[in-house]
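Here's the structure, in structure tokens; my notes come after.
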Amino acid sequence: MASSLGFTHLTGLTSSGVSFRRWNGGSRVGSFRISASETNQQEPDLSVNVNGLHMPNPFVIGSGPPGTNYKVMKKAFDEGWGAVIAKTVSLDAAKVINVTPRYARLRAGANGSAKGQIIGWENIELISDRPLETMLKEFKQLKEEYPDRILIASIMEEYNKAAWEELIDRVEQTGIDAIEVNFSCPHGMPERKMGAAVGQDCDLLEEVCGWINAKATVPVWAKMTPNITDITQPARVSLRSGCEGVAAINTIMSVMGINLKTLHPEPCVEGYSTPGGYSSKAVHPIALGKVMSIAQMMKKEFNDGDYSLSGIGGVETGGDAAEFILLGANTVQVCTGVMMYGYDLVSKLCSELKDFMRTHNFSTIEEFRGASLQYFTTHTELVRIQQEAIRERRAIKKGLQSDKDWTGDGFVKESESMVSN
């Protein structure tokens, strides 16, 4: 049975009274094939069209250090990333003061060991501390040099309608292609109602989304926090309030560990620390679960609109990305992976994703996007399915119930049904 997360935006009012915007450039395929064509031998096509934005591949630089200035964003485009989301900007960068060190790593094995594979990464980094004017100048320069590439501005502001409207207006003037709204940073400035402080409060989120979508003229993605009981609630509010897409997940609130020699927490700044955001390989299963929940909700409740889903969390291989896409993601964001392996990671990701597609004979991303959603159900249903399967297997092994059940036409098969070897 074919199924899809692809739709066309409705024109009209949401339950909150905010009208959707229609995107004439959108061209998402409305369904995917569960079984691939056996005769398709073409080179897999990694290009995607999301909310009217064309990308050469689904791999997107996630907002953070890999998109912190012109030089690194240019590097990302030169290496072939499908899109770049810049580090989050606000109107007043003077209020943003970072500390160093601000990262801590978790390796496989004993916590704090210098040996073993890195499986976790914590950061206590804030949004961009560079003047907004500088970042805007660099956005404009990038769009002039790479007019056909997708540049997305990540924005965050205080609980102030005028501030949000000014920030949106200023970033849009640079020619950026879309906006990702940071409703999810788990640390720093919650007292100013910024980041996760908004994403965790659905009433506040609905109001702020209303301000944003009434002002924005480009597609808007709402970036979700995993630090919440039910991530589908803010995702639903964001879409109903006019956002064209949802991105999930941002980092998970964490304490990386305690140095057992000094008794101080990590990352250690003058002997002290603060809880931060957890990312890298160890969060991948959690991110998959959150994305699955959002995708199911979108499929069930928003099956008539052109909404998008961007998967984030522990992507280091093409296989990691394929898992997000199989759960319904249109694009896959990478941030910590770039910090660990460099911008040329994208060539490996593309190559491995193509290998996956060749294995299953998929020619496009849309052919398998969301294909694995159908295999999730409730525990009660799992019990019913298994009990039914057991009954069927027993019936096959048992064969005929009595001599009266023998038939002439099916005699050989009936005999086979009662052979044990």
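Chain labels follow the order of the structure tokens: the first chain is A, the next B, and so on; residue numbering restarts at 1 in every chain, and ligands are counted from 1 in their shown order.
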*asked:* Taking 3 positions as the minimum chain separation for residues in the same chain, which residues sit within 9 Å of Thr100 in chain A when counting only C-alpha atoms? Answer as a ChimeraX atom specification.
replied: /A:103,125,267-269
Take the residues from that selection and write them out as a short mmCIF file (atom, residue, chain, number, x, y, z; two decimals), in the first residue's frame, keeping N, CA and C atoms.
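Result saved to out.cif:
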```
data_model
loop_
_atom_site.label_atom_id
_atom_site.label_comp_id
_atom_site.auth_asym_id
_atom_site.auth_seq_id
_atom_site.Cartn_x
_atom_site.Cartn_y
_atom_site.Cartn_z
N TYR A 103 33.05 22.43 25.19
CA TYR A 103 32.68 21.10 24.71
C TYR A 103 33.23 20.03 25.65
N GLU A 125 27.57 25.85 24.27
CA GLU A 125 27.76 26.99 23.38
C GLU A 125 26.45 27.73 23.17
N PRO A 267 31.93 20.05 30.59
CA PRO A 267 33.18 20.77 30.40
C PRO A 267 33.46 21.71 31.58
N CYS A 268 34.70 21.80 31.95
CA CYS A 268 35.07 22.51 33.18
C CYS A 268 35.59 23.91 32.85
N VAL A 269 34.91 24.92 33.39
CA VAL A 269 35.29 26.32 33.18
C VAL A 269 35.60 26.92 34.55
#
```
*Find the residues around Glu138 in chain A up to 12 Å (only C-alpha atoms counted), leave out those fewer than 5 positions away in its own chain, and share them as a PyMOL selection string.*
chain A and resi 67-74+86+130-133+143-146+151+153+171+174-176
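Using only C-alpha atoms, the nearest neighbour of Gly318 in chain A within the list A:Leu260, A:Ile212, A:Ala108, A:Leu46 is A:Leu46.
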*Give the alpha helix (DSSP H) residues of range 69-184 of chain A, as assigned by DSSP on the backbone, as a PyMOL selection string.*
chain A and resi 70-79+132-145+161-172
Just N, CA, C and O atoms for this one: save the residues we selected as a tab-separated table (two decimals), in the first residue's frame.
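This is the output file result00.tsv:
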```tsv
chain	number	residue	atom	x	y	z
A	70	TYR	N	31.33	33.32	7.09
A	70	TYR	CA	31.40	33.20	5.63
A	70	TYR	C	32.35	32.10	5.19
A	70	TYR	O	32.04	31.29	4.32
A	71	LYS	N	33.53	32.04	5.80
A	71	LYS	CA	34.56	31.09	5.36
A	71	LYS	C	34.10	29.65	5.48
A	71	LYS	O	34.30	28.84	4.56
A	72	VAL	N	33.48	29.31	6.61
A	72	VAL	CA	33.09	27.92	6.80
A	72	VAL	C	31.84	27.57	5.98
A	72	VAL	O	31.71	26.45	5.48
A	73	MET	N	30.93	28.52	5.81
A	73	MET	CA	29.76	28.24	4.98
A	73	MET	C	30.15	28.10	3.50
A	73	MET	O	29.61	27.26	2.78
A	74	LYS	N	31.09	28.91	3.06
A	74	LYS	CA	31.61	28.78	1.69
A	74	LYS	C	32.25	27.40	1.50
A	74	LYS	O	32.06	26.75	0.47
A	75	LYS	N	33.00	26.96	2.51
A	75	LYS	CA	33.62	25.65	2.46
A	75	LYS	C	32.56	24.56	2.30
A	75	LYS	O	32.74	23.60	1.53
A	76	ALA	N	31.47	24.69	3.02
A	76	ALA	CA	30.39	23.71	2.93
A	76	ALA	C	29.81	23.64	1.52
A	76	ALA	O	29.58	22.56	0.97
A	77	PHE	N	29.56	24.80	0.93
A	77	PHE	CA	29.03	24.81	-0.44
A	77	PHE	C	30.04	24.21	-1.41
A	77	PHE	O	29.68	23.45	-2.31
A	78	ASP	N	31.31	24.58	-1.25
A	78	ASP	CA	32.35	24.07	-2.15
A	78	ASP	C	32.48	22.55	-2.06
A	78	ASP	O	32.79	21.88	-3.05
A	79	GLU	N	32.27	21.99	-0.87
A	79	GLU	CA	32.38	20.55	-0.68
A	79	GLU	C	31.14	19.81	-1.19
A	79	GLU	O	31.17	18.59	-1.34
A	132	LEU	N	25.06	41.14	14.30
A	132	LEU	CA	24.09	40.75	13.28
A	132	LEU	C	24.45	41.36	11.93
A	132	LEU	O	24.33	40.70	10.89
A	133	GLU	N	24.90	42.60	11.93
A	133	GLU	CA	25.25	43.27	10.67
A	133	GLU	C	26.32	42.50	9.92
A	133	GLU	O	26.29	42.39	8.68
A	134	THR	N	27.27	41.94	10.66
A	134	THR	CA	28.35	41.16	10.04
A	134	THR	C	27.79	39.88	9.42
A	134	THR	O	28.13	39.53	8.27
A	135	MET	N	26.94	39.19	10.16
A	135	MET	CA	26.36	37.95	9.65
A	135	MET	C	25.49	38.22	8.43
A	135	MET	O	25.54	37.47	7.43
A	136	LEU	N	24.72	39.30	8.45
A	136	LEU	CA	23.85	39.63	7.32
A	136	LEU	C	24.67	39.94	6.08
A	136	LEU	O	24.32	39.53	4.96
A	137	LYS	N	25.77	40.66	6.25
A	137	LYS	CA	26.66	40.97	5.12
A	137	LYS	C	27.20	39.68	4.50
A	137	LYS	O	27.29	39.56	3.27
A	138	GLU	N	27.53	38.71	5.35
A	138	GLU	CA	28.08	37.46	4.85
A	138	GLU	C	27.00	36.60	4.19
A	138	GLU	O	27.26	35.91	3.20
A	139	PHE	N	25.76	36.64	4.71
A	139	PHE	CA	24.65	35.95	4.04
A	139	PHE	C	24.50	36.47	2.61
A	139	PHE	O	24.37	35.70	1.66
A	140	LYS	N	24.50	37.79	2.49
A	140	LYS	CA	24.32	38.42	1.17
A	140	LYS	C	25.45	38.05	0.23
A	140	LYS	O	25.21	37.74	-0.95
A	141	GLN	N	26.67	38.04	0.74
A	141	GLN	CA	27.82	37.69	-0.09
A	141	GLN	C	27.73	36.24	-0.57
A	141	GLN	O	28.00	35.94	-1.74
A	142	LEU	N	27.32	35.35	0.32
A	142	LEU	CA	27.18	33.94	-0.05
A	142	LEU	C	26.12	33.75	-1.12
A	142	LEU	O	26.31	32.98	-2.08
A	143	LYS	N	24.99	34.42	-0.99
A	143	LYS	CA	23.93	34.28	-1.98
A	143	LYS	C	24.34	34.88	-3.33
A	143	LYS	O	23.91	34.39	-4.38
A	144	GLU	N	25.18	35.90	-3.30
A	144	GLU	CA	25.66	36.47	-4.56
A	144	GLU	C	26.63	35.51	-5.25
A	144	GLU	O	26.63	35.40	-6.47
A	145	GLU	N	27.45	34.82	-4.46
A	145	GLU	CA	28.44	33.91	-5.03
A	145	GLU	C	27.85	32.53	-5.34
A	145	GLU	O	28.36	31.82	-6.22
A	161	LYS	N	7.25	40.79	19.86
A	161	LYS	CA	6.78	40.72	18.48
A	161	LYS	C	7.58	41.63	17.55
A	161	LYS	O	7.98	41.21	16.46
A	162	ALA	N	7.82	42.84	17.97
A	162	ALA	CA	8.56	43.78	17.12
A	162	ALA	C	9.98	43.29	16.83
A	162	ALA	O	10.50	43.47	15.73
A	163	ALA	N	10.61	42.67	17.82
A	163	ALA	CA	11.97	42.16	17.64
A	163	ALA	C	11.98	41.03	16.62
A	163	ALA	O	12.86	40.98	15.74
A	164	TRP	N	11.02	40.11	16.72
A	164	TRP	CA	10.92	39.01	15.75
A	164	TRP	C	10.70	39.58	14.35
A	164	TRP	O	11.33	39.13	13.38
A	165	GLU	N	9.81	40.53	14.21
A	165	GLU	CA	9.51	41.09	12.90
A	165	GLU	C	10.72	41.80	12.31
A	165	GLU	O	11.00	41.67	11.11
A	166	GLU	N	11.45	42.54	13.12
A	166	GLU	CA	12.65	43.21	12.62
A	166	GLU	C	13.71	42.21	12.18
A	166	GLU	O	14.33	42.38	11.12
A	167	LEU	N	13.90	41.17	12.97
A	167	LEU	CA	14.92	40.17	12.64
A	167	LEU	C	14.57	39.46	11.34
A	167	LEU	O	15.44	39.25	10.48
A	168	ILE	N	13.32	39.08	11.18
A	168	ILE	CA	12.89	38.41	9.95
A	168	ILE	C	13.10	39.31	8.75
A	168	ILE	O	13.63	38.89	7.70
A	169	ASP	N	12.70	40.55	8.87
A	169	ASP	CA	12.85	41.50	7.77
A	169	ASP	C	14.31	41.66	7.37
A	169	ASP	O	14.65	41.64	6.17
A	170	ARG	N	15.17	41.76	8.33
A	170	ARG	CA	16.59	41.99	8.03
A	170	ARG	C	17.26	40.77	7.42
A	170	ARG	O	18.07	40.90	6.49
A	171	VAL	N	16.94	39.57	7.89
A	171	VAL	CA	17.57	38.39	7.29
A	171	VAL	C	17.03	38.13	5.89
A	171	VAL	O	17.76	37.72	4.98
A	172	GLU	N	15.75	38.41	5.68
A	172	GLU	CA	15.18	38.18	4.35
A	172	GLU	C	15.76	39.12	3.31
A	172	GLU	O	15.88	38.76	2.13
```
_Restricting the calculation to only C-alpha atoms: of A:Gly271, A:Pro147, A:Gly337, A:Gly319, which residue gets closest to Thr359 in chain A?_
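The closest residue to Thr359 in chain A is A:Gly319.
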*Among range 36-91 of chain A, which ones does DSSP place in strand (DSSP E), written as a ChimeraX atom specification?*
/A:48-50,53-55,59-61,83-85
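Closest approach to Pro219 in chain A from the set A:Ser308, A:Thr88, A:Asn330, A:Asn57 is made by A:Ser308, with distances taken over only C-alpha atoms.
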*Distance of CA of Leu326 in chain A from CA of Asn49 in chain A, expressed in Å to one decimal place*: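 According to the coordinates, CA of Asn49 in chain A and CA of Leu326 in chain A are separated by 16.5 Å.
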*Could you tell me which of A:Gln374, A:Ser63, A:Thr232, A:Thr217 comes closest to Met297 in chain A if we count only C-alpha atoms?*
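Closest to Met297 in chain A of all the choices is A:Thr232.
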*In Å, how far is it from CA of Glu244 in chain A to CA of Asn51 in chain A?*
7.0 Å
*Provide the CA of Ala235 in chain A to CA of Leu327 in chain A distance in Å, to one decimal place.*
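Computing it gives 15.7 Å between the two atoms.
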With only C-alpha atoms as the counted atoms, please give the residues lying no more than 9 Å from range 347-350 of chain A, apart from itself and same-chain residues fewer than 2 positions off, as an mmCIF file with C-alpha atoms, in the first residue's frame.
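The resulting file, part20.cif, is reproduced below:
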```cif
data_model
loop_
_atom_site.group_PDB
_atom_site.id
_atom_site.type_symbol
_atom_site.label_atom_id
_atom_site.label_comp_id
_atom_site.auth_asym_id
_atom_site.auth_seq_id
_atom_site.Cartn_x
_atom_site.Cartn_y
_atom_site.Cartn_z
ATOM 1 C CA LEU A 46 20.045 12.297 -4.464
ATOM 2 C CA ASN A 57 21.326 16.117 -2.038
ATOM 3 C CA PRO A 58 19.438 15.866 1.284
ATOM 4 C CA PHE A 59 22.476 16.635 3.453
ATOM 5 C CA GLU A 79 32.379 20.546 -0.684
ATOM 6 C CA GLY A 80 28.873 19.908 -2.008
ATOM 7 C CA TRP A 81 26.473 20.064 0.936
ATOM 8 C CA VAL A 315 24.408 11.254 11.525
ATOM 9 C CA GLU A 316 27.881 10.002 10.623
ATOM 10 C CA THR A 317 27.124 7.550 7.778
ATOM 11 C CA GLY A 318 24.870 7.291 4.760
ATOM 12 C CA GLY A 319 23.046 4.523 6.593
ATOM 13 C CA ASP A 320 22.260 6.892 9.478
ATOM 14 C CA ALA A 321 20.721 9.280 6.959
ATOM 15 C CA TYR A 343 33.250 19.262 5.660
ATOM 16 C CA ASP A 344 34.342 16.556 3.217
ATOM 17 C CA LEU A 345 32.180 14.125 5.217
ATOM 18 C CA GLU A 352 27.030 5.514 1.192
ATOM 19 C CA LEU A 353 23.463 6.702 0.656
ATOM 20 C CA LYS A 354 23.792 5.866 -3.044
ATOM 21 C CA ASP A 355 25.081 2.407 -2.110
#
```
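You can rank A:Ser417, A:Thr364, A:Gln386, A:Asn259 by their closest distance to Leu106 in chain A using only C-alpha atoms, and at the top of that list sits A:Asn259.
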Excluding same-chain residues fewer than 5 positions from Leu400 in chain A, what lies within 10 Å of it counting only C-alpha atoms, as a short mmCIF file (atom, residue, chain, number, x, y, z; two decimals) with N, CA and C atoms, in the first residue's frame?
```cif
data_model
loop_
_atom_site.label_atom_id
_atom_site.label_comp_id
_atom_site.auth_asym_id
_atom_site.auth_seq_id
_atom_site.Cartn_x
_atom_site.Cartn_y
_atom_site.Cartn_z
N ALA A 395 -0.64 -24.57 12.56
CA ALA A 395 -1.56 -25.21 11.63
C ALA A 395 -0.81 -25.85 10.47
N ASP A 405 -9.94 -35.57 5.80
CA ASP A 405 -9.50 -34.33 5.16
C ASP A 405 -8.64 -34.54 3.93
N TRP A 406 -8.21 -35.79 3.68
CA TRP A 406 -7.41 -36.05 2.49
C TRP A 406 -8.23 -35.78 1.23
N GLU A 414 -0.59 -32.34 0.74
CA GLU A 414 -1.09 -32.76 2.05
C GLU A 414 -0.11 -33.70 2.72
N SER A 415 0.53 -34.53 1.93
CA SER A 415 1.56 -35.43 2.47
C SER A 415 2.76 -34.62 2.98
N SER A 417 2.84 -31.68 4.06
CA SER A 417 2.54 -30.85 5.23
C SER A 417 2.77 -31.58 6.55
N MET A 418 2.89 -32.89 6.47
CA MET A 418 3.07 -33.68 7.69
C MET A 418 4.43 -34.33 7.80
#
```
